Amino acid sequence: QSVAVLGAPFSRGQKRRGVEHGPKVIRDAGLIDRLSGLDYSVHDFGDLNFHYPEKDEPYMDVKSPRTVGGANKKLSTAVSRAVGAGHTLVMLGGDHSLGLGSAAGHAQQCPDLCLIWVDAHPDLNTPLTSPSGNLHGQPVAFMLKELQNKVPDLPGFSWAKPFLSCRDLVYIGLRDVDPGEYQIMKDLGIQYFTMRDIDRLGIQRVMEVTLDHLMARKQRPIHLSFDIDAFDPLLAPATGTPVNGGLTYREGMYLTEEIHNTGLLSVMDLVEVNPVLGASDEAVQATASLAVDVIASSLGQTREGAHRTMISSK
Ligand code: DIR
Ligand code: MN
Ligand code: MN
Ligand code: MN
């Protein structure tokens, strides 16, 4: 069992600089040791080195299209290579525009993947519906086949062909949804669970319905894209667009334990940790250490103690 870790220090999908330091603070919070402790052989691929075009004028209202498109293209190649080499991959962001390149690269190797997007936001705006022009609020729109004729060709995005059906996507943790995003979710019948749904159903039922929905026809590889702002800002203050009323620690651990228990997790993203935005060093450490807990739990750290099958079967 081998896990690869890939850093993507990139922030141009949104306005707040600092999120490019996410990979460093998450590693400094002990990620590699935690994964090694779970008996994985860990391959740290280091951080990608992004290139920035000198001039990158907005396209319509969309900011930095060539920069974001180019970074995601590079990321998709790296993710595809790592998955093709047989690793389970952890991608450390960076802002959530990177979800596009990560899932696209994953899909090159696993065309039947499904996507679980854990976030306060659906990141489903198109360049036409986006109220901000920030591409971190749009990555899912570029993935969905059903939105093909609603998404204009953006400079820097010609490589990005839609690869996901809206049936194969579930959102968890939503509580800040733009009008255009709501319209698309309803029109396409996307399965989603807002924080209100978690209040009503409980996280246990939410995960049961999520996995039944995605695995109804067959078992398939999971892409988990986890925006740290899915958590309550009290737990994850160092992030660019905090929204009150998010996931509790225990909901986050249960969610990720259930994903691990499927045995199907293939790639996960952990994005939007921004150390520049913590009010104090403690706030930054708390956010980074939460990110490590989420990753470790997704990869099999349990709250009931370790099973010893790996040791005894060696
Ligand atoms: C807002 C904020 N929906 C936008 N989005 C995100 O800019 O499209 N914040 N993703 O994290
Ligand atoms: Mn997001
Ligand atoms: Mn978000
Ligand atoms: Mn296990």
# chains A, B, ... in the order shown; residues from 1 in each chain; ligands from 1
>>> residues_around(residues="Thr287 (chain A)", least_positions_apart="6", cutoff="12 Å", atoms="only C-alpha atoms", output="count of residues only")
34
>>> closest_atom_pairs(of="chain A", to="ligand 4", cutoff="8 Å", atoms="only C-alpha atoms and all ligand atoms", output="tab-separated table")
residue	atom	partner	partner_atom_place_in_ligand_line	distance
A:His260	CA	ligand 4	1 (Mn)	7.0
A:Asn261	CA	ligand 4	1 (Mn)	6.7
A:Gly263	CA	ligand 4	1 (Mn)	7.8
A:Leu299	CA	ligand 4	1 (Mn)	7.5
A:Gly300	CA	ligand 4	1 (Mn)	4.8
A:Gln301	CA	ligand 4	1 (Mn)	7.5
A:His307	CA	ligand 4	1 (Mn)	7.2
>>> closest_residue(among="A:His223, A:Arg175, A:Arg12, A:Lys73", to="ligand 3", atoms="only C-alpha atoms and all ligand atoms")
A:Arg175
>>> atom_distance(atom1="CA of Ala160 (chain A)", atom2="CA of Gly137 (chain A)")
16.3 Å
>>> residues_near_ligand(ligand="ligand 2", cutoff="10 Å", atoms="only C-alpha atoms and all ligand atoms", output="ChimeraX atom specification")
/A:95-99,117-124,136-140,174,225-230,240-241,270-272
>>> closest_residue(among="A:Ala286, A:Leu113, A:Ile198, A:Leu128", to="ligand 1", atoms="only C-alpha atoms and all ligand atoms")
A:Leu128
>>> select_by_dssp(residues="region 64-215 of chain A", states="alpha helix (DSSP H)", output="VMD selection string")
chain A and resid 65 to 84 98 to 109 139 to 143 179 to 188 195 to 201 203 to 214
>>> closest_atom_pairs(of="region 245-314 of chain A", to="region 35-52 of chain A", cutoff="10 Å", atoms="only C-alpha atoms", output="Markdown table")
| residue | atom | partner | partner_atom | distance |
| --- | --- | --- | --- | --- |
| A:Val292 | CA | A:Leu35 | CA | 9.2 |
| A:Ile295 | CA | A:Leu35 | CA | 8.5 |
| A:Ala296 | CA | A:Leu35 | CA | 6.4 |
| A:Ser297 | CA | A:Leu35 | CA | 9.8 |
| A:Leu299 | CA | A:Leu35 | CA | 7.9 |
| A:Gly300 | CA | A:Leu38 | CA | 7.2 |
| A:Gln301 | CA | A:Leu38 | CA | 6.7 |
| A:Thr302 | CA | A:Leu38 | CA | 9.9 |
| A:Ala306 | CA | A:Leu38 | CA | 8.4 |
| A:Met310 | CA | A:Asp39 | CA | 7.8 |
| A:Ile311 | CA | A:Asp39 | CA | 8.7 |
>>> write_last_selection(atoms="all heavy atoms", output="PDB file, in the first residue's frame")
ATOM      1  N   VAL A 292      -4.309  17.567   8.672  1.00  0.00           N
ATOM      2  CA  VAL A 292      -3.600  16.292   8.817  1.00  0.00           C
ATOM      3  C   VAL A 292      -4.543  15.216   9.349  1.00  0.00           C
ATOM      4  O   VAL A 292      -4.547  14.075   8.866  1.00  0.00           O
ATOM      5  CB  VAL A 292      -2.363  16.451   9.734  1.00  0.00           C
ATOM      6  CG1 VAL A 292      -1.741  15.091  10.043  1.00  0.00           C
ATOM      7  CG2 VAL A 292      -1.338  17.380   9.092  1.00  0.00           C
ATOM      8  N   ILE A 295      -6.806  13.972   6.546  1.00  0.00           N
ATOM      9  CA  ILE A 295      -6.093  13.108   5.594  1.00  0.00           C
ATOM     10  C   ILE A 295      -5.831  11.741   6.222  1.00  0.00           C
ATOM     11  O   ILE A 295      -6.086  10.694   5.605  1.00  0.00           O
ATOM     12  CB  ILE A 295      -4.786  13.778   5.125  1.00  0.00           C
ATOM     13  CG1 ILE A 295      -5.087  15.068   4.346  1.00  0.00           C
ATOM     14  CG2 ILE A 295      -3.955  12.813   4.285  1.00  0.00           C
ATOM     15  CD1 ILE A 295      -3.885  15.973   4.126  1.00  0.00           C
ATOM     16  N   ALA A 296      -5.349  11.735   7.461  1.00  0.00           N
ATOM     17  CA  ALA A 296      -5.052  10.467   8.133  1.00  0.00           C
ATOM     18  C   ALA A 296      -6.322   9.628   8.279  1.00  0.00           C
ATOM     19  O   ALA A 296      -6.312   8.407   8.058  1.00  0.00           O
ATOM     20  CB  ALA A 296      -4.417  10.730   9.501  1.00  0.00           C
ATOM     21  N   SER A 297      -7.416  10.272   8.628  1.00  0.00           N
ATOM     22  CA  SER A 297      -8.671   9.540   8.799  1.00  0.00           C
ATOM     23  C   SER A 297      -9.170   8.980   7.465  1.00  0.00           C
ATOM     24  O   SER A 297      -9.657   7.845   7.387  1.00  0.00           O
ATOM     25  CB  SER A 297      -9.716  10.474   9.427  1.00  0.00           C
ATOM     26  OG  SER A 297     -10.948   9.823   9.583  1.00  0.00           O
ATOM     27  N   LEU A 299      -7.359   7.951   5.215  1.00  0.00           N
ATOM     28  CA  LEU A 299      -6.459   6.868   4.828  1.00  0.00           C
ATOM     29  C   LEU A 299      -6.387   5.770   5.882  1.00  0.00           C
ATOM     30  O   LEU A 299      -5.498   4.931   5.858  1.00  0.00           O
ATOM     31  CB  LEU A 299      -5.076   7.441   4.521  1.00  0.00           C
ATOM     32  CG  LEU A 299      -5.066   8.276   3.222  1.00  0.00           C
ATOM     33  CD1 LEU A 299      -3.766   9.039   3.073  1.00  0.00           C
ATOM     34  CD2 LEU A 299      -5.301   7.384   2.003  1.00  0.00           C
ATOM     35  N   GLY A 300      -7.313   5.783   6.830  1.00  0.00           N
ATOM     36  CA  GLY A 300      -7.441   4.615   7.678  1.00  0.00           C
ATOM     37  C   GLY A 300      -7.112   4.775   9.142  1.00  0.00           C
ATOM     38  O   GLY A 300      -7.200   3.806   9.888  1.00  0.00           O
ATOM     39  N   GLN A 301      -6.725   5.970   9.582  1.00  0.00           N
ATOM     40  CA  GLN A 301      -6.583   6.144  11.019  1.00  0.00           C
ATOM     41  C   GLN A 301      -7.968   6.060  11.639  1.00  0.00           C
ATOM     42  O   GLN A 301      -8.912   6.667  11.144  1.00  0.00           O
ATOM     43  CB  GLN A 301      -5.956   7.497  11.341  1.00  0.00           C
ATOM     44  CG  GLN A 301      -5.854   7.694  12.846  1.00  0.00           C
ATOM     45  CD  GLN A 301      -4.846   8.757  13.224  1.00  0.00           C
ATOM     46  OE1 GLN A 301      -3.754   8.826  12.643  1.00  0.00           O
ATOM     47  NE2 GLN A 301      -5.201   9.593  14.165  1.00  0.00           N
ATOM     48  N   THR A 302      -8.116   5.262  12.687  1.00  0.00           N
ATOM     49  CA  THR A 302      -9.434   5.084  13.288  1.00  0.00           C
ATOM     50  C   THR A 302      -9.447   5.628  14.700  1.00  0.00           C
ATOM     51  O   THR A 302      -8.406   5.848  15.309  1.00  0.00           O
ATOM     52  CB  THR A 302      -9.833   3.591  13.358  1.00  0.00           C
ATOM     53  OG1 THR A 302      -9.084   3.000  14.418  1.00  0.00           O
ATOM     54  CG2 THR A 302      -9.547   2.883  12.056  1.00  0.00           C
ATOM     55  N   ALA A 306      -5.917   0.602  16.069  1.00  0.00           N
ATOM     56  CA  ALA A 306      -5.499   0.037  14.787  1.00  0.00           C
ATOM     57  C   ALA A 306      -5.807  -1.441  14.725  1.00  0.00           C
ATOM     58  O   ALA A 306      -5.659  -2.163  15.708  1.00  0.00           O
ATOM     59  CB  ALA A 306      -4.013   0.269  14.586  1.00  0.00           C
ATOM     60  N   MET A 310      -2.347  -5.884   8.927  1.00  0.00           N
ATOM     61  CA  MET A 310      -1.199  -5.618   8.062  1.00  0.00           C
ATOM     62  C   MET A 310       0.059  -6.235   8.657  1.00  0.00           C
ATOM     63  O   MET A 310       0.881  -6.794   7.951  1.00  0.00           O
ATOM     64  CB  MET A 310      -0.995  -4.115   7.894  1.00  0.00           C
ATOM     65  CG  MET A 310      -2.132  -3.466   7.150  1.00  0.00           C
ATOM     66  SD  MET A 310      -1.811  -1.744   6.837  1.00  0.00           S
ATOM     67  CE  MET A 310      -1.078  -1.840   5.219  1.00  0.00           C
ATOM     68  N   ILE A 311       0.180  -6.150   9.989  1.00  0.00           N
ATOM     69  CA  ILE A 311       1.370  -6.686  10.646  1.00  0.00           C
ATOM     70  C   ILE A 311       1.369  -8.218  10.582  1.00  0.00           C
ATOM     71  O   ILE A 311       2.330  -8.839  10.154  1.00  0.00           O
ATOM     72  CB  ILE A 311       1.433  -6.211  12.116  1.00  0.00           C
ATOM     73  CG1 ILE A 311       1.639  -4.695  12.138  1.00  0.00           C
ATOM     74  CG2 ILE A 311       2.542  -6.927  12.877  1.00  0.00           C
ATOM     75  CD1 ILE A 311       1.375  -4.038  13.479  1.00  0.00           C
TER      76      ILE A 311
END
>>> atom_distance(atom1="atom 4 (C, counted along the ligand's line) of ligand 1", atom2="CA of Thr129 (chain A)")
9.3 Å
>>> residues_around(residues="Pro53 (chain A)", least_positions_apart="2", cutoff="12 Å", atoms="only C-alpha atoms", output="JSON, numbers by chain")
{"A": [12, 50, 51, 55, 56, 57, 64, 65, 66, 67, 68, 69, 70, 71, 155, 156]}
>>> closest_residue(among="A:Tyr182, A:Leu290, A:Pro9, A:Phe157", to="ligand 1", atoms="only C-alpha atoms and all ligand atoms")
A:Tyr182
>>> select_by_dssp(residues="region 59-174 of chain A", states="strand (DSSP E)", output="list in words")
Thr88, Leu89, Val90, Met91, Leu92, Gly93, Cys114, Leu115, Ile116, Trp117, Val118, Leu169, Val170, Tyr171, Ile172, Gly173 and Leu174 of chain A
>>> residues_around(residues="Phe10 (chain A)", least_positions_apart="3", cutoff="7 Å", atoms="only C-alpha atoms", output="PyMOL selection string")
chain A and resi 19-20+93-95
>>> write_last_selection(atoms="all heavy atoms", output="CSV table (one decimal), in the first residue's frame")
chain,number,residue,atom,x,y,z
A,19,VAL,N,-2.5,31.1,0.4
A,19,VAL,CA,-3.0,29.7,0.3
A,19,VAL,C,-1.9,28.9,-0.4
A,19,VAL,O,-1.9,27.7,-0.3
A,19,VAL,CB,-4.4,29.7,-0.3
A,19,VAL,CG1,-4.3,30.0,-1.8
A,19,VAL,CG2,-5.0,28.3,0.0
A,20,GLU,N,-1.0,29.5,-1.1
A,20,GLU,CA,0.1,28.8,-1.8
A,20,GLU,C,1.1,28.2,-0.7
A,20,GLU,O,1.9,27.3,-1.0
A,20,GLU,CB,0.9,29.6,-2.8
A,20,GLU,CG,1.7,30.7,-2.2
A,20,GLU,CD,0.9,32.0,-1.9
A,20,GLU,OE1,-0.3,32.0,-1.9
A,20,GLU,OE2,1.6,33.1,-1.8
A,93,GLY,N,-3.4,21.5,-1.6
A,93,GLY,CA,-3.5,22.8,-2.2
A,93,GLY,C,-3.0,23.9,-1.2
A,93,GLY,O,-2.6,23.6,-0.1
A,94,GLY,N,-2.9,25.0,-1.7
A,94,GLY,CA,-3.5,25.6,-2.9
A,94,GLY,C,-5.0,25.8,-2.8
A,94,GLY,O,-5.6,25.4,-1.9
A,95,ASP,N,-5.4,26.7,-3.7
A,95,ASP,CA,-6.8,27.0,-3.7
A,95,ASP,C,-7.6,25.9,-4.5
A,95,ASP,O,-7.0,25.1,-5.2
A,95,ASP,CB,-7.1,28.4,-4.3
A,95,ASP,CG,-6.9,28.5,-5.8
A,95,ASP,OD1,-7.6,27.8,-6.5
A,95,ASP,OD2,-6.0,29.3,-6.2
